[in-house]
Amino acid sequence: MERAFYPLVYFLIFPGFLFTSIIGLLASWVDRKVTARVQWRVGPPWYQPFVDILKLMGKETIVPAGHKASFFLLAPLLGLIGVTLVSTILWVLNLNPGSSFVGDLVVILYLFTLPSLAVIIGGAASKNPLGALGASREMKLVLGYELPFLIAIFTVVVKIGSILFQDILGFQQINGIMLRHPSGIIAFVVAIICTQAKLTMVPFDIPEAEQEILSGPFVEYSGAPLAVYKLTRAMMLFTLPVFLITVFWGGLQFSGWDLLWTVLKYVALLVIIILIKNTNPRLRIDQAMRFLWGPVTVLAILGMVLAVVGL
Amino acid sequence: MALKNWALKKSPWIFHLCTGSCNNCDIELLECLTPRYDVERFGILLVGSVRHADALIVTGALTRQCVPRLKELYDQMPKPGLVIALGQCACSCSIFKGSYNIVGPIDKIVPVDVYIPGCPPKPEAMISGIVKALGKL
């Protein structure tokens with residue numbers, strides 16, 4: 001009984017759905033507030049993202065005539081489940097490194113693509129030219145950022161010589177964080193750029209460019225499914241920096257002053273991402289692909305070479 | 001139900017439709033989003049798709065071409081939703097009244113919740129109008 005009960009609590013309440021969504025929505029408030037301050041505005045109150053989700057939940061859900069309702073309505077849930085699973089696995093591993101299992105890193109990397117996949121399915125199922133255009137752009141963007149992102153993460157694996165999370169955390173406790181090694185720094189920079197693309201934030205917000213294709217894949221969504229997409233986005237804003245901190249920056253610690261340090265690390269990473277978002281123009285999809293497969297991939301390979309050499 | 005209404009009042013997202021206006025009201029509407037007025041403080045956002053919107057803001061004297069489009073956009077908006085007529089033309093056709101290509105005012109075609117007159121209305125007037133519209137919920 002207990003053995004069946006605990007995973008459910010993990011998944012639904014503490015490191016999983018409830019916790020991640022609350023922190024994620026707060027993070028998306030930080031995003032809006034910092035954006036507003038950069039633009040010399042005041043910005044919304046802290047509860048604004050919660051109110052937005054609540055309001056969308058109360059609105060009418062429209063499935064436009066002639067659409068594939070099952071795909072249209074289930075796609076957002078796919079993304080939500082993916083990001084919740086990632087967050088649960090990541091936090092359980094951080095709280096208790098002993099629960100590491102073979103291939104946990106690979107599982108997390110696969111689950112991280114589910115939200116993008118959900119956007120692609122939803123956009124394609126919405127039967128709207130703008131939605132289809134957004135879905136195709138998202139597909140190209142996924143092809144673009146996955147390659148350097150995987151190389152960057154596997155730089156760490158090569159450096160440490162193990163694919164277990166337990167060993168990644170243990171190595172960083174003994175030999176210092178990955179950011180003290182040249183290969184680690186290069187991989188971290190590449191990973192931040194790819195995070196920007198994974199979150200579809202401004203230099204890479206090509207799939208949902210509001211001014212040209214009217215929020216792309218989400219154009220036909222209204223009410224609860226749209227709220228689920230917004231929630232997934234907010235949870236990604238929490239989970240991805242936590243993943244980067246775990247892999248590159250010594251993981252999350254929870255005892256005494258280390259807790260404050262952990263929170264500071266997360267907020268610093270979040271603000272870096274938001275500032276990149278606010279100081280860059282949007283790229284075209286071909287420019288983004290050239291950038292991600294060109295300089296970024298070359299940089300990632302350089303980091304990998306350094307890791308192989310042993311730096 | 002009370003919670004739902006409270007949430008709707010705290011985060012009204014607006015969609016902006018021009019039915020043949022001279023663009024003056026449209027530019028003035030965008031001024032609400034600038035640092036001087038910053039309506040995002042109250043949770044008001046300008047959205048690109050009418051499916052996300054809670055309030056349809058209509059400007060212009062409603063030309064013959066725009067009638068089917070206005071009807072369709074009103075039907076596409078998820079309910080509960082508000083319609084706000086912005087500017088003198090949208091309220092009463094203004095100087096275009098009786099013109100051969102004008103069907104307007106807006107309330108001939110869709111039910112209007114709040115009229116904001118002016119040519120163009122000041123941003124303060126628009127914010128006050130939106131607040132009045134939310135009071136009707």
# chains A, B, ... in the order shown; residues from 1 in each chain; ligands from 1
call {"tool": "interface_residues", "arguments": {"of": "chain B", "to": "chain A", "cutoff": "12 Å", "atoms": "only C-alpha atoms", "output": "short mmCIF file (atom, residue, chain, number, x, y, z; two decimals) with N, CA and C atoms, in the first residue's frame"}}
result
data_model
loop_
_atom_site.label_atom_id
_atom_site.label_comp_id
_atom_site.auth_asym_id
_atom_site.auth_seq_id
_atom_site.Cartn_x
_atom_site.Cartn_y
_atom_site.Cartn_z
N MET B 1 -18.24 30.40 -8.69
CA MET B 1 -18.72 31.38 -9.67
C MET B 1 -18.17 32.77 -9.33
N ALA B 2 -18.17 33.10 -8.03
CA ALA B 2 -17.62 34.40 -7.62
C ALA B 2 -16.13 34.45 -7.93
N LEU B 3 -15.44 33.31 -7.69
CA LEU B 3 -14.00 33.23 -7.95
C LEU B 3 -13.72 33.44 -9.43
N LYS B 4 -14.58 32.82 -10.27
CA LYS B 4 -14.42 32.92 -11.71
C LYS B 4 -14.53 34.37 -12.17
N ASN B 5 -15.53 35.07 -11.63
CA ASN B 5 -15.72 36.47 -12.01
C ASN B 5 -14.58 37.34 -11.52
N TRP B 6 -14.10 37.03 -10.30
CA TRP B 6 -13.00 37.81 -9.76
C TRP B 6 -11.77 37.66 -10.65
N ALA B 7 -11.50 36.39 -11.07
CA ALA B 7 -10.33 36.15 -11.92
C ALA B 7 -10.48 36.88 -13.25
N LEU B 8 -11.70 36.88 -13.78
CA LEU B 8 -11.94 37.54 -15.07
C LEU B 8 -11.70 39.04 -14.95
N LYS B 9 -12.08 39.60 -13.79
CA LYS B 9 -11.88 41.04 -13.60
C LYS B 9 -10.41 41.38 -13.43
N LYS B 10 -9.65 40.43 -12.88
CA LYS B 10 -8.25 40.72 -12.60
C LYS B 10 -7.36 40.49 -13.81
N SER B 11 -7.83 39.77 -14.82
CA SER B 11 -6.94 39.55 -15.97
C SER B 11 -7.72 39.60 -17.29
N PRO B 12 -8.26 40.76 -17.64
CA PRO B 12 -8.96 40.86 -18.93
C PRO B 12 -7.96 40.99 -20.08
N TRP B 13 -7.98 40.03 -20.99
CA TRP B 13 -7.11 40.12 -22.17
C TRP B 13 -7.94 40.70 -23.30
N PHE B 15 -8.64 41.93 -27.33
CA PHE B 15 -8.35 41.76 -28.75
C PHE B 15 -8.89 43.00 -29.45
N CYS B 32 -1.92 52.82 -24.17
CA CYS B 32 -2.21 52.29 -22.83
C CYS B 32 -1.14 51.31 -22.38
N LEU B 33 -0.44 50.66 -23.34
CA LEU B 33 0.55 49.65 -22.97
C LEU B 33 1.92 50.25 -22.72
N THR B 34 2.09 51.52 -22.99
CA THR B 34 3.41 52.15 -22.84
C THR B 34 3.71 52.43 -21.36
N PRO B 35 4.98 52.73 -21.03
CA PRO B 35 5.34 52.92 -19.62
C PRO B 35 4.50 53.97 -18.91
N ARG B 36 4.00 54.96 -19.62
CA ARG B 36 3.27 56.02 -18.94
C ARG B 36 1.98 55.50 -18.31
N TYR B 37 1.26 54.63 -19.00
CA TYR B 37 -0.02 54.13 -18.46
C TYR B 37 0.09 52.69 -17.97
N ASP B 38 0.85 51.85 -18.67
CA ASP B 38 1.17 50.48 -18.24
C ASP B 38 -0.03 49.72 -17.70
N VAL B 39 -0.97 49.34 -18.57
CA VAL B 39 -2.15 48.62 -18.09
C VAL B 39 -1.85 47.19 -17.68
N GLU B 40 -0.61 46.71 -17.92
CA GLU B 40 -0.29 45.34 -17.46
C GLU B 40 -0.31 45.27 -15.94
N ARG B 41 -0.20 46.44 -15.26
CA ARG B 41 -0.36 46.48 -13.80
C ARG B 41 -1.68 45.85 -13.37
N PHE B 42 -2.73 46.03 -14.20
CA PHE B 42 -4.04 45.50 -13.86
C PHE B 42 -4.30 44.17 -14.55
N GLY B 43 -3.27 43.60 -15.16
CA GLY B 43 -3.43 42.31 -15.81
C GLY B 43 -3.98 42.40 -17.22
N ILE B 44 -4.10 43.60 -17.76
CA ILE B 44 -4.63 43.73 -19.12
C ILE B 44 -3.52 43.46 -20.13
N LEU B 45 -3.76 42.51 -21.04
CA LEU B 45 -2.77 42.19 -22.07
C LEU B 45 -3.45 42.31 -23.43
N LEU B 46 -2.67 42.68 -24.42
CA LEU B 46 -3.16 42.68 -25.79
C LEU B 46 -2.80 41.33 -26.40
N VAL B 47 -3.78 40.55 -26.86
CA VAL B 47 -3.48 39.23 -27.41
C VAL B 47 -3.71 39.22 -28.91
N GLY B 48 -3.04 38.27 -29.59
CA GLY B 48 -3.07 38.25 -31.04
C GLY B 48 -4.22 37.46 -31.62
N SER B 49 -4.82 36.56 -30.83
CA SER B 49 -5.89 35.71 -31.36
C SER B 49 -7.15 35.96 -30.55
N VAL B 50 -8.29 36.06 -31.24
CA VAL B 50 -9.54 36.38 -30.54
C VAL B 50 -9.97 35.22 -29.65
N ARG B 51 -9.43 34.02 -29.90
CA ARG B 51 -9.75 32.87 -29.05
C ARG B 51 -9.22 33.04 -27.63
N HIS B 52 -8.18 33.85 -27.46
CA HIS B 52 -7.62 34.05 -26.12
C HIS B 52 -8.28 35.22 -25.40
N ALA B 53 -9.14 35.96 -26.09
CA ALA B 53 -9.53 37.27 -25.58
C ALA B 53 -10.75 37.20 -24.66
N ASP B 54 -10.83 38.19 -23.77
CA ASP B 54 -12.00 38.37 -22.91
C ASP B 54 -12.79 39.59 -23.32
N ASP B 75 -18.46 35.67 -32.79
CA ASP B 75 -18.81 34.27 -32.51
C ASP B 75 -17.60 33.47 -32.06
N GLN B 76 -16.41 33.83 -32.56
CA GLN B 76 -15.21 33.06 -32.22
C GLN B 76 -14.71 33.34 -30.81
N MET B 77 -15.15 34.47 -30.24
CA MET B 77 -14.64 34.82 -28.91
C MET B 77 -15.27 33.91 -27.85
N PRO B 78 -14.42 33.26 -27.01
CA PRO B 78 -15.00 32.40 -25.97
C PRO B 78 -15.77 33.24 -24.95
N LYS B 79 -16.94 32.75 -24.55
CA LYS B 79 -17.77 33.50 -23.61
C LYS B 79 -17.41 33.08 -22.18
N PRO B 80 -17.51 33.87 -21.13
CA PRO B 80 -18.05 35.22 -21.16
C PRO B 80 -17.07 36.22 -21.76
N GLY B 81 -17.57 37.10 -22.61
CA GLY B 81 -16.71 38.09 -23.23
C GLY B 81 -17.44 39.40 -23.37
#
call {"tool": "residues_around", "arguments": {"residues": "Cys22 (chain B)", "least_positions_apart": "2", "cutoff": "10 Å", "atoms": "only C-alpha atoms", "output": "PDB file with C-alpha atoms, in the first residue's frame"}}
result
ATOM      1  CA  CYS B  18     -10.335  47.834 -36.656  1.00  0.00           C
ATOM      2  CA  THR B  19     -13.505  48.108 -38.757  1.00  0.00           C
ATOM      3  CA  GLY B  20     -12.453  50.951 -41.008  1.00  0.00           C
ATOM      4  CA  ASN B  24      -6.106  57.195 -34.576  1.00  0.00           C
ATOM      5  CA  CYS B  25      -8.011  55.171 -31.970  1.00  0.00           C
ATOM      6  CA  ASP B  26      -5.784  52.131 -32.655  1.00  0.00           C
ATOM      7  CA  ILE B  27      -2.609  54.064 -31.958  1.00  0.00           C
ATOM      8  CA  THR B  59     -12.785  50.852 -33.504  1.00  0.00           C
ATOM      9  CA  GLY B  60     -14.097  52.503 -36.655  1.00  0.00           C
ATOM     10  CA  ALA B  61     -17.459  53.204 -38.252  1.00  0.00           C
ATOM     11  CA  CYS B  89     -17.118  56.419 -35.020  1.00  0.00           C
ATOM     12  CA  PRO B 120      -9.685  59.613 -30.136  1.00  0.00           C
TER      13      PRO B 120
END
call {"tool": "atom_distance", "arguments": {"atom1": "CA of Gly250 (chain A)", "atom2": "CA of Phe204 (chain A)"}}
result
27.9 Å
call {"tool": "select_by_dssp", "arguments": {"residues": "chain B", "states": "alpha helix (DSSP H)", "output": "VMD selection string"}}
result
chain B and resid 2 to 10 24 to 31 67 to 76 88 to 92 123 to 135
call {"tool": "write_last_selection", "arguments": {"atoms": "N, CA and C atoms", "output": "compact mmCIF listing (two decimals), in the first residue's frame"}}
result
# COMPACT_ATOMS: atom_id res chain seq x y z
N ALA B 2 -18.17 33.10 -8.03
CA ALA B 2 -17.62 34.40 -7.62
C ALA B 2 -16.13 34.45 -7.93
N LEU B 3 -15.44 33.31 -7.69
CA LEU B 3 -14.00 33.23 -7.95
C LEU B 3 -13.72 33.44 -9.43
N LYS B 4 -14.58 32.82 -10.27
CA LYS B 4 -14.42 32.92 -11.71
C LYS B 4 -14.53 34.37 -12.17
N ASN B 5 -15.53 35.07 -11.63
CA ASN B 5 -15.72 36.47 -12.01
C ASN B 5 -14.58 37.34 -11.52
N TRP B 6 -14.10 37.03 -10.30
CA TRP B 6 -13.00 37.81 -9.76
C TRP B 6 -11.77 37.66 -10.65
N ALA B 7 -11.50 36.39 -11.07
CA ALA B 7 -10.33 36.15 -11.92
C ALA B 7 -10.48 36.88 -13.25
N LEU B 8 -11.70 36.88 -13.78
CA LEU B 8 -11.94 37.54 -15.07
C LEU B 8 -11.70 39.04 -14.95
N LYS B 9 -12.08 39.60 -13.79
CA LYS B 9 -11.88 41.04 -13.60
C LYS B 9 -10.41 41.38 -13.43
N LYS B 10 -9.65 40.43 -12.88
CA LYS B 10 -8.25 40.72 -12.60
C LYS B 10 -7.36 40.49 -13.81
N ASN B 24 -6.43 56.33 -35.70
CA ASN B 24 -6.11 57.19 -34.58
C ASN B 24 -6.43 56.49 -33.26
N CYS B 25 -7.63 55.89 -33.18
CA CYS B 25 -8.01 55.17 -31.97
C CYS B 25 -7.08 54.01 -31.72
N ASP B 26 -6.64 53.31 -32.80
CA ASP B 26 -5.78 52.13 -32.66
C ASP B 26 -4.46 52.51 -32.02
N ILE B 27 -3.89 53.62 -32.51
CA ILE B 27 -2.61 54.06 -31.96
C ILE B 27 -2.79 54.50 -30.52
N GLU B 28 -3.91 55.17 -30.24
CA GLU B 28 -4.17 55.66 -28.90
C GLU B 28 -4.37 54.48 -27.93
N LEU B 29 -4.97 53.39 -28.46
CA LEU B 29 -5.17 52.19 -27.62
C LEU B 29 -3.83 51.59 -27.23
N LEU B 30 -2.90 51.57 -28.20
CA LEU B 30 -1.58 50.99 -27.90
C LEU B 30 -0.84 51.84 -26.87
N GLU B 31 -1.21 53.12 -26.80
CA GLU B 31 -0.55 53.99 -25.83
C GLU B 31 -0.80 53.51 -24.40
N VAL B 67 -18.63 43.84 -41.94
CA VAL B 67 -19.76 43.27 -41.18
C VAL B 67 -19.61 41.77 -40.96
N PRO B 68 -19.39 40.95 -42.03
CA PRO B 68 -19.25 39.50 -41.77
C PRO B 68 -18.06 39.18 -40.88
N ARG B 69 -17.00 39.96 -41.01
CA ARG B 69 -15.80 39.70 -40.20
C ARG B 69 -16.08 39.98 -38.73
N LEU B 70 -16.78 41.08 -38.46
CA LEU B 70 -17.10 41.41 -37.07
C LEU B 70 -17.99 40.32 -36.46
N LYS B 71 -19.00 39.87 -37.26
CA LYS B 71 -19.90 38.81 -36.76
C LYS B 71 -19.11 37.56 -36.43
N GLU B 72 -18.19 37.17 -37.35
CA GLU B 72 -17.45 35.93 -37.15
C GLU B 72 -16.54 36.04 -35.93
N LEU B 73 -15.85 37.18 -35.80
CA LEU B 73 -14.94 37.34 -34.65
C LEU B 73 -15.72 37.33 -33.34
N TYR B 74 -16.94 37.91 -33.36
CA TYR B 74 -17.73 37.91 -32.13
C TYR B 74 -18.11 36.47 -31.77
N ASP B 75 -18.46 35.67 -32.79
CA ASP B 75 -18.81 34.27 -32.51
C ASP B 75 -17.60 33.47 -32.06
N GLN B 76 -16.41 33.83 -32.56
CA GLN B 76 -15.21 33.06 -32.22
C GLN B 76 -14.71 33.34 -30.81
N GLN B 88 -15.55 57.78 -31.30
CA GLN B 88 -16.83 58.36 -31.74
C GLN B 88 -17.43 57.58 -32.89
N CYS B 89 -16.60 57.13 -33.84
CA CYS B 89 -17.12 56.42 -35.02
C CYS B 89 -17.81 55.13 -34.63
N ALA B 90 -17.17 54.37 -33.71
CA ALA B 90 -17.74 53.09 -33.32
C ALA B 90 -19.04 53.31 -32.54
N CYS B 91 -19.12 54.42 -31.78
CA CYS B 91 -20.31 54.68 -30.97
C CYS B 91 -21.48 55.16 -31.83
N SER B 92 -21.21 56.07 -32.77
CA SER B 92 -22.33 56.70 -33.48
C SER B 92 -22.05 57.00 -34.94
N PRO B 123 -6.26 57.90 -23.17
CA PRO B 123 -6.00 56.61 -22.51
C PRO B 123 -6.69 56.49 -21.16
N GLU B 124 -6.79 57.60 -20.41
CA GLU B 124 -7.50 57.55 -19.13
C GLU B 124 -8.96 57.16 -19.35
N ALA B 125 -9.56 57.71 -20.42
CA ALA B 125 -10.96 57.39 -20.71
C ALA B 125 -11.11 55.92 -21.05
N MET B 126 -10.11 55.37 -21.79
CA MET B 126 -10.19 53.94 -22.15
C MET B 126 -10.09 53.07 -20.91
N ILE B 127 -9.15 53.41 -20.02
CA ILE B 127 -8.98 52.59 -18.81
C ILE B 127 -10.26 52.68 -17.98
N SER B 128 -10.81 53.86 -17.86
CA SER B 128 -12.07 54.03 -17.11
C SER B 128 -13.19 53.21 -17.76
N GLY B 129 -13.24 53.21 -19.09
CA GLY B 129 -14.26 52.44 -19.80
C GLY B 129 -14.13 50.96 -19.54
N ILE B 130 -12.88 50.46 -19.58
CA ILE B 130 -12.68 49.02 -19.36
C ILE B 130 -13.06 48.66 -17.93
N VAL B 131 -12.74 49.55 -16.98
CA VAL B 131 -13.12 49.30 -15.58
C VAL B 131 -14.65 49.22 -15.47
N LYS B 132 -15.35 50.14 -16.16
CA LYS B 132 -16.82 50.11 -16.11
C LYS B 132 -17.35 48.82 -16.71
N ALA B 133 -16.72 48.39 -17.83
CA ALA B 133 -17.17 47.15 -18.47
C ALA B 133 -17.00 45.97 -17.52
N LEU B 134 -15.87 45.94 -16.80
CA LEU B 134 -15.64 44.82 -15.88
C LEU B 134 -16.62 44.87 -14.73
N GLY B 135 -17.06 46.09 -14.34
CA GLY B 135 -18.06 46.20 -13.28
C GLY B 135 -19.38 45.57 -13.65
call {"tool": "residues_around", "arguments": {"residues": "Met139 (chain A)", "least_positions_apart": "4", "cutoff": "12 Å", "atoms": "only C-alpha atoms", "output": "compact mmCIF listing (two decimals) with C-alpha atoms, in the first residue's frame"}}
result
# COMPACT_ATOMS: atom_id res chain seq x y z
CA THR A 113 11.14 17.09 -25.61
CA PRO A 115 6.34 19.78 -24.28
CA SER A 116 7.73 20.72 -27.72
CA LEU A 117 6.08 17.61 -29.15
CA ALA A 118 2.80 18.67 -27.54
CA VAL A 119 3.05 22.09 -29.19
CA ILE A 120 3.71 20.44 -32.56
CA ILE A 121 0.76 18.04 -32.25
CA GLY A 123 -0.58 23.20 -33.68
CA ALA A 124 -0.94 20.64 -36.44
CA ALA A 132 0.42 24.58 -38.96
CA LEU A 133 3.10 27.16 -39.75
CA GLY A 134 3.92 27.46 -36.04
CA ALA A 135 4.07 23.68 -35.68
CA LEU A 143 15.95 19.70 -34.76
CA GLY A 144 18.12 22.79 -34.35
CA TYR A 145 18.62 22.89 -30.59
CA GLU A 146 18.60 19.20 -29.67
CA ALA A 197 15.35 27.86 -27.61
CA LYS A 198 13.66 25.11 -25.56
CA THR A 200 10.93 29.47 -27.08
CA ILE A 206 9.91 31.92 -33.94
CA PRO A 207 7.17 29.26 -33.54
CA PRO A 217 0.26 26.77 -32.54
CA ILE A 285 13.92 30.29 -38.69
CA MET A 289 19.06 27.01 -37.70
call {"tool": "atom_distance", "arguments": {"atom1": "CA of His16 (chain B)", "atom2": "CA of Val63 (chain A)"}}
result
22.3 Å
call {"tool": "atom_distance", "arguments": {"atom1": "CA of Ile153 (chain A)", "atom2": "CA of Phe243 (chain A)"}}
result
10.3 Å
